[in-house]
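Visitor: The structure follows.
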Amino acid sequence: MLKTVVLGASSNHTKFSYKCIKSLIRHGFDAVPVGKKEGQIEGIDILTGQPEIEDVHTISLYLNASKQEEYYDYILSLNPKRVIFNPGAHNQDFIDRVKEQGIEVKSDCALLMLNSGSY
């Protein structure tokens, strides 16, 4: 089961990060929510800070560019195979840095990717 870290996770059911976690679970993926505030999504605790997470396949980013910088090194330290920059998260400087590390970049909507089978 491929592991996806959802960075910018929220327990607010109207947020797309919340909907992404639910969709990942429904599609059989291992979802790890990481956010600023503690909470739960579908019984999974939202991790806070910059927790150590092993075997990360994908990071689905739900932070706008102004909030990403503090996570640059953290994201790269997780050594993901892919980073998805969801709508509102586009950041060309960081995209270039991620690509330089040999990590696949998608500027797409994880929810649409999951629903279309292209995830």
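Quick note on naming: the chains in the structure tokens go A, B, ... in the order shown, residues restart at 1 in each chain, and ligands are numbered from 1 in order of appearance.
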Sorted by chain and rising residue number, which residues of range 27-87 of chain A lie within 12 Å of range 96-101 of chain A, and what are their closest atom pairs and distances in Å to one decimal, counting only C-alpha atoms, as a Markdown table?

Guide:
```
| residue | atom | partner | partner_atom | distance |
| --- | --- | --- | --- | --- |
| A:Ile59 | CA | A:Val98 | CA | 11.4 |
| A:Glu69 | CA | A:Arg97 | CA | 11.6 |
| A:Tyr72 | CA | A:Val98 | CA | 8.8 |
| A:Asp73 | CA | A:Val98 | CA | 10.1 |
| A:Tyr74 | CA | A:Val98 | CA | 11.7 |
| A:Ile75 | CA | A:Val98 | CA | 8.9 |
| A:Leu76 | CA | A:Val98 | CA | 7.3 |
| A:Ser77 | CA | A:Gln101 | CA | 10.6 |
| A:Leu78 | CA | A:Val98 | CA | 11.8 |
| A:Asn79 | CA | A:Gln101 | CA | 9.0 |
| A:Pro80 | CA | A:Val98 | CA | 9.7 |
| A:Lys81 | CA | A:Gln101 | CA | 10.0 |
| A:Arg82 | CA | A:Val98 | CA | 8.9 |
| A:Val83 | CA | A:Val98 | CA | 7.9 |
| A:Ile84 | CA | A:Val98 | CA | 10.7 |
| A:Phe85 | CA | A:Val98 | CA | 11.0 |
```

Visitor: For Tyr62 in chain A, find every residue with an atom within 10 Å (counting only C-alpha atoms), except residues of its own chain fewer than 6 positions away, and show them as a PDB file with N, CA and C atoms, in the first residue's frame.

Guide:
```
ATOM      1  N   VAL A   6      -0.318  13.914   3.545  1.00  0.00           N
ATOM      2  CA  VAL A   6      -1.102  15.088   3.164  1.00  0.00           C
ATOM      3  C   VAL A   6      -0.650  16.227   4.067  1.00  0.00           C
ATOM      4  N   LEU A   7       0.136  17.133   3.495  1.00  0.00           N
ATOM      5  CA  LEU A   7       0.708  18.232   4.262  1.00  0.00           C
ATOM      6  C   LEU A   7      -0.196  19.456   4.142  1.00  0.00           C
ATOM      7  N   GLY A   8      -0.665  19.913   5.299  1.00  0.00           N
ATOM      8  CA  GLY A   8      -1.658  20.978   5.339  1.00  0.00           C
ATOM      9  C   GLY A   8      -3.018  20.409   5.687  1.00  0.00           C
ATOM     10  N   ALA A   9      -3.007  19.234   6.330  1.00  0.00           N
ATOM     11  CA  ALA A   9      -4.249  18.533   6.674  1.00  0.00           C
ATOM     12  C   ALA A   9      -5.052  19.310   7.714  1.00  0.00           C
ATOM     13  N   SER A  10      -6.360  19.196   7.594  1.00  0.00           N
ATOM     14  CA  SER A  10      -7.283  19.873   8.509  1.00  0.00           C
ATOM     15  C   SER A  10      -8.441  18.941   8.836  1.00  0.00           C
ATOM     16  N   LYS A  15     -12.629  21.410   3.971  1.00  0.00           N
ATOM     17  CA  LYS A  15     -11.317  21.634   3.351  1.00  0.00           C
ATOM     18  C   LYS A  15     -10.961  20.487   2.409  1.00  0.00           C
ATOM     19  N   PHE A  16     -10.256  20.829   1.328  1.00  0.00           N
ATOM     20  CA  PHE A  16      -9.878  19.811   0.352  1.00  0.00           C
ATOM     21  C   PHE A  16      -8.877  18.813   0.920  1.00  0.00           C
ATOM     22  N   SER A  17      -8.041  19.229   1.865  1.00  0.00           N
ATOM     23  CA  SER A  17      -7.108  18.277   2.472  1.00  0.00           C
ATOM     24  C   SER A  17      -7.868  17.178   3.212  1.00  0.00           C
ATOM     25  N   CYS A  20      -9.279  14.887   0.645  1.00  0.00           N
ATOM     26  CA  CYS A  20      -8.213  14.066   0.063  1.00  0.00           C
ATOM     27  C   CYS A  20      -7.917  12.855   0.946  1.00  0.00           C
ATOM     28  N   GLY A  35      -0.628  18.412   9.885  1.00  0.00           N
ATOM     29  CA  GLY A  35      -1.186  19.762   9.884  1.00  0.00           C
ATOM     30  C   GLY A  35      -0.698  20.587  11.051  1.00  0.00           C
ATOM     31  N   GLN A  68       4.909  27.402   2.651  1.00  0.00           N
ATOM     32  CA  GLN A  68       5.682  26.200   2.335  1.00  0.00           C
ATOM     33  C   GLN A  68       7.132  26.244   2.791  1.00  0.00           C
ATOM     34  N   ILE A  84       2.795  16.290  -5.087  1.00  0.00           N
ATOM     35  CA  ILE A  84       1.663  16.858  -5.819  1.00  0.00           C
ATOM     36  C   ILE A  84       1.400  18.256  -5.271  1.00  0.00           C
ATOM     37  N   PHE A  85       1.492  19.246  -6.152  1.00  0.00           N
ATOM     38  CA  PHE A  85       1.161  20.621  -5.807  1.00  0.00           C
ATOM     39  C   PHE A  85      -0.291  20.839  -6.208  1.00  0.00           C
ATOM     40  N   ASN A  86      -1.183  20.737  -5.232  1.00  0.00           N
ATOM     41  CA  ASN A  86      -2.612  20.899  -5.483  1.00  0.00           C
ATOM     42  C   ASN A  86      -2.923  22.353  -5.832  1.00  0.00           C
ATOM     43  N   PRO A  87      -4.102  22.622  -6.404  1.00  0.00           N
ATOM     44  CA  PRO A  87      -4.471  24.006  -6.722  1.00  0.00           C
ATOM     45  C   PRO A  87      -4.309  24.915  -5.498  1.00  0.00           C
ATOM     46  N   GLY A  88      -3.671  26.051  -5.720  1.00  0.00           N
ATOM     47  CA  GLY A  88      -3.396  26.990  -4.639  1.00  0.00           C
ATOM     48  C   GLY A  88      -2.040  26.776  -3.989  1.00  0.00           C
ATOM     49  N   ALA A  89      -1.357  25.680  -4.333  1.00  0.00           N
ATOM     50  CA  ALA A  89      -0.063  25.364  -3.733  1.00  0.00           C
ATOM     51  C   ALA A  89       1.101  25.569  -4.705  1.00  0.00           C
ATOM     52  N   HIS A  90       0.815  26.020  -5.926  1.00  0.00           N
ATOM     53  CA  HIS A  90       1.873  26.178  -6.938  1.00  0.00           C
ATOM     54  C   HIS A  90       2.966  27.110  -6.418  1.00  0.00           C
ATOM     55  N   CYS A 109      -4.639  18.174  -9.162  1.00  0.00           N
ATOM     56  CA  CYS A 109      -5.524  18.011  -8.017  1.00  0.00           C
ATOM     57  C   CYS A 109      -5.550  16.533  -7.633  1.00  0.00           C
ATOM     58  N   ALA A 110      -5.064  16.224  -6.442  1.00  0.00           N
ATOM     59  CA  ALA A 110      -5.013  14.830  -5.998  1.00  0.00           C
ATOM     60  C   ALA A 110      -6.394  14.187  -6.009  1.00  0.00           C
TER      61      ALA A 110
END
```

Visitor: Identify, on the basis of only C-alpha atoms, every residue whose closest approach to Glu38 in chain A does not exceed 9 Å; exclude the query and any residue fewer than 5 positions from it along the same chain; express the result as an MDAnalysis selection string.

Guide: chainID A and resid 10:11 45:48

Visitor: With DSSP run on the backbone, what are the helix (DSSP H, G or I) residues within chain A? I'd like them as a PyMOL selection string.

Guide: chain A and resi 16-26+65-77+92-100+110-116

Visitor: Which residues come within 10 Å of Glu42 in chain A, counting only C-alpha atoms, excluding same-chain residues fewer than 4 positions away, as a PDB file with C-alpha atoms, in the first residue's frame?

Guide:
```pdb
ATOM      1  CA  SER A  11     -10.097  18.232  10.461  1.00  0.00           C
ATOM      2  CA  TYR A  18      -9.810  16.560   4.555  1.00  0.00           C
ATOM      3  CA  ILE A  21      -7.569  11.949   3.173  1.00  0.00           C
ATOM      4  CA  LYS A  22     -11.039  10.406   2.905  1.00  0.00           C
ATOM      5  CA  ILE A  25      -8.515   5.788   2.338  1.00  0.00           C
TER       6      ILE A  25
END
```

Visitor: Report as a list in words: the residues of chain A with a DSSP assignment of strand (DSSP E), based on the backbone of this structure.

Guide: Lys3, Thr4, Val5, Val6, Leu7, Asp30, Ala31, Val32, Pro33, Val34, Gly35, Gln40, Ile41, Ile44, Asp45, Leu47, Thr48, Thr58, Ile59, Ser60, Leu61, Arg82, Val83, Ile84, Phe85, Glu104, Val105 and Lys106 of chain A

Visitor: Export N, CA and C atoms of the chosen residues as a CSV table (one decimal), in the first residue's frame?

Guide:
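Listed below is the output, selection-v5.csv:
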```csv
chain,number,residue,atom,x,y,z
A,3,LYS,N,2.1,5.0,0.6
A,3,LYS,CA,1.9,5.9,1.6
A,3,LYS,C,1.9,7.4,1.1
A,4,THR,N,0.9,8.1,1.4
A,4,THR,CA,0.8,9.5,1.0
A,4,THR,C,0.7,10.4,2.3
A,5,VAL,N,1.6,11.4,2.4
A,5,VAL,CA,1.5,12.4,3.4
A,5,VAL,C,0.7,13.5,2.9
A,6,VAL,N,-0.3,13.9,3.5
A,6,VAL,CA,-1.1,15.1,3.2
A,6,VAL,C,-0.6,16.2,4.1
A,7,LEU,N,0.1,17.1,3.5
A,7,LEU,CA,0.7,18.2,4.3
A,7,LEU,C,-0.2,19.5,4.1
A,30,ASP,N,-2.5,4.3,2.0
A,30,ASP,CA,-2.1,4.6,3.4
A,30,ASP,C,-2.0,6.2,3.5
A,31,ALA,N,-2.9,6.8,4.2
A,31,ALA,CA,-2.9,8.3,4.3
A,31,ALA,C,-2.3,8.7,5.6
A,32,VAL,N,-1.4,9.7,5.6
A,32,VAL,CA,-0.8,10.3,6.8
A,32,VAL,C,-1.1,11.8,6.8
A,33,PRO,N,-2.0,12.2,7.6
A,33,PRO,CA,-2.3,13.7,7.7
A,33,PRO,C,-1.3,14.4,8.6
A,34,VAL,N,-0.7,15.5,8.1
A,34,VAL,CA,0.1,16.4,8.8
A,34,VAL,C,-0.4,17.8,8.7
A,35,GLY,N,-0.6,18.4,9.9
A,35,GLY,CA,-1.2,19.8,9.9
A,35,GLY,C,-0.7,20.6,11.1
A,40,GLN,N,-8.6,14.7,14.1
A,40,GLN,CA,-8.7,13.4,13.5
A,40,GLN,C,-9.5,13.5,12.2
A,41,ILE,N,-9.1,12.6,11.3
A,41,ILE,CA,-9.9,12.5,10.0
A,41,ILE,C,-10.1,11.0,9.8
A,44,ILE,N,-8.0,8.8,12.0
A,44,ILE,CA,-6.6,8.9,11.9
A,44,ILE,C,-6.2,10.2,12.5
A,45,ASP,N,-5.2,10.2,13.5
A,45,ASP,CA,-4.7,11.4,14.1
A,45,ASP,C,-4.0,12.3,13.1
A,47,LEU,N,-1.0,14.5,12.5
A,47,LEU,CA,0.3,14.7,13.2
A,47,LEU,C,0.6,16.2,13.0
A,48,THR,N,1.3,16.7,14.0
A,48,THR,CA,1.7,18.1,14.0
A,48,THR,C,3.2,18.2,13.9
A,58,THR,N,4.3,9.6,-1.8
A,58,THR,CA,3.8,10.8,-2.3
A,58,THR,C,3.5,11.8,-1.2
A,59,ILE,N,3.8,13.1,-1.4
A,59,ILE,CA,3.4,14.2,-0.6
A,59,ILE,C,2.4,15.0,-1.4
A,60,SER,N,1.2,15.1,-0.8
A,60,SER,CA,0.1,15.9,-1.4
A,60,SER,C,0.1,17.2,-0.6
A,61,LEU,N,0.4,18.3,-1.3
A,61,LEU,CA,0.7,19.6,-0.7
A,61,LEU,C,-0.6,20.5,-0.7
A,82,ARG,N,7.2,11.4,-5.2
A,82,ARG,CA,6.4,12.3,-5.9
A,82,ARG,C,5.9,13.4,-5.0
A,83,VAL,N,5.8,14.6,-5.5
A,83,VAL,CA,5.1,15.7,-4.7
A,83,VAL,C,4.0,16.2,-5.6
A,84,ILE,N,2.8,16.3,-5.1
A,84,ILE,CA,1.7,16.9,-5.8
A,84,ILE,C,1.4,18.3,-5.3
A,85,PHE,N,1.5,19.2,-6.2
A,85,PHE,CA,1.2,20.6,-5.8
A,85,PHE,C,-0.3,20.8,-6.2
A,104,GLU,N,9.6,13.3,-8.7
A,104,GLU,CA,8.5,13.6,-9.7
A,104,GLU,C,7.6,14.7,-9.1
A,105,VAL,N,7.2,15.6,-10.0
A,105,VAL,CA,6.4,16.7,-9.6
A,105,VAL,C,5.1,16.7,-10.4
A,106,LYS,N,4.0,16.8,-9.7
A,106,LYS,CA,2.7,17.0,-10.4
A,106,LYS,C,2.0,18.3,-9.9
```

Visitor: Would you list the contacts of Leu114 in chain A as an NGL selection string, taking every protein, DNA or RNA residue within 10 Å and counting only C-alpha atoms, but skipping same-chain residues closer than 2 positions in sequence?

Guide: :A and (20 or 23-24 or 26-27 or 109-112 or 116-119)

Visitor: May I ask which of the residues A:Lys19, A:Gln92, A:Ile53, A:Met113 is the closest one to Ala65 in chain A, counting only C-alpha atoms?

Guide: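 Going through A:Lys19, A:Gln92, A:Ile53, A:Met113 one by one, the smallest distance to Ala65 in chain A is for A:Gln92.
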
Visitor: Go through A:Asp108, A:Leu2, A:Phe29, A:Lys36 and flag the residue nearest Pro51 in chain A, using only C-alpha atoms for the distances.

Guide: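 So, comparing all the options, the nearest one is A:Lys36.
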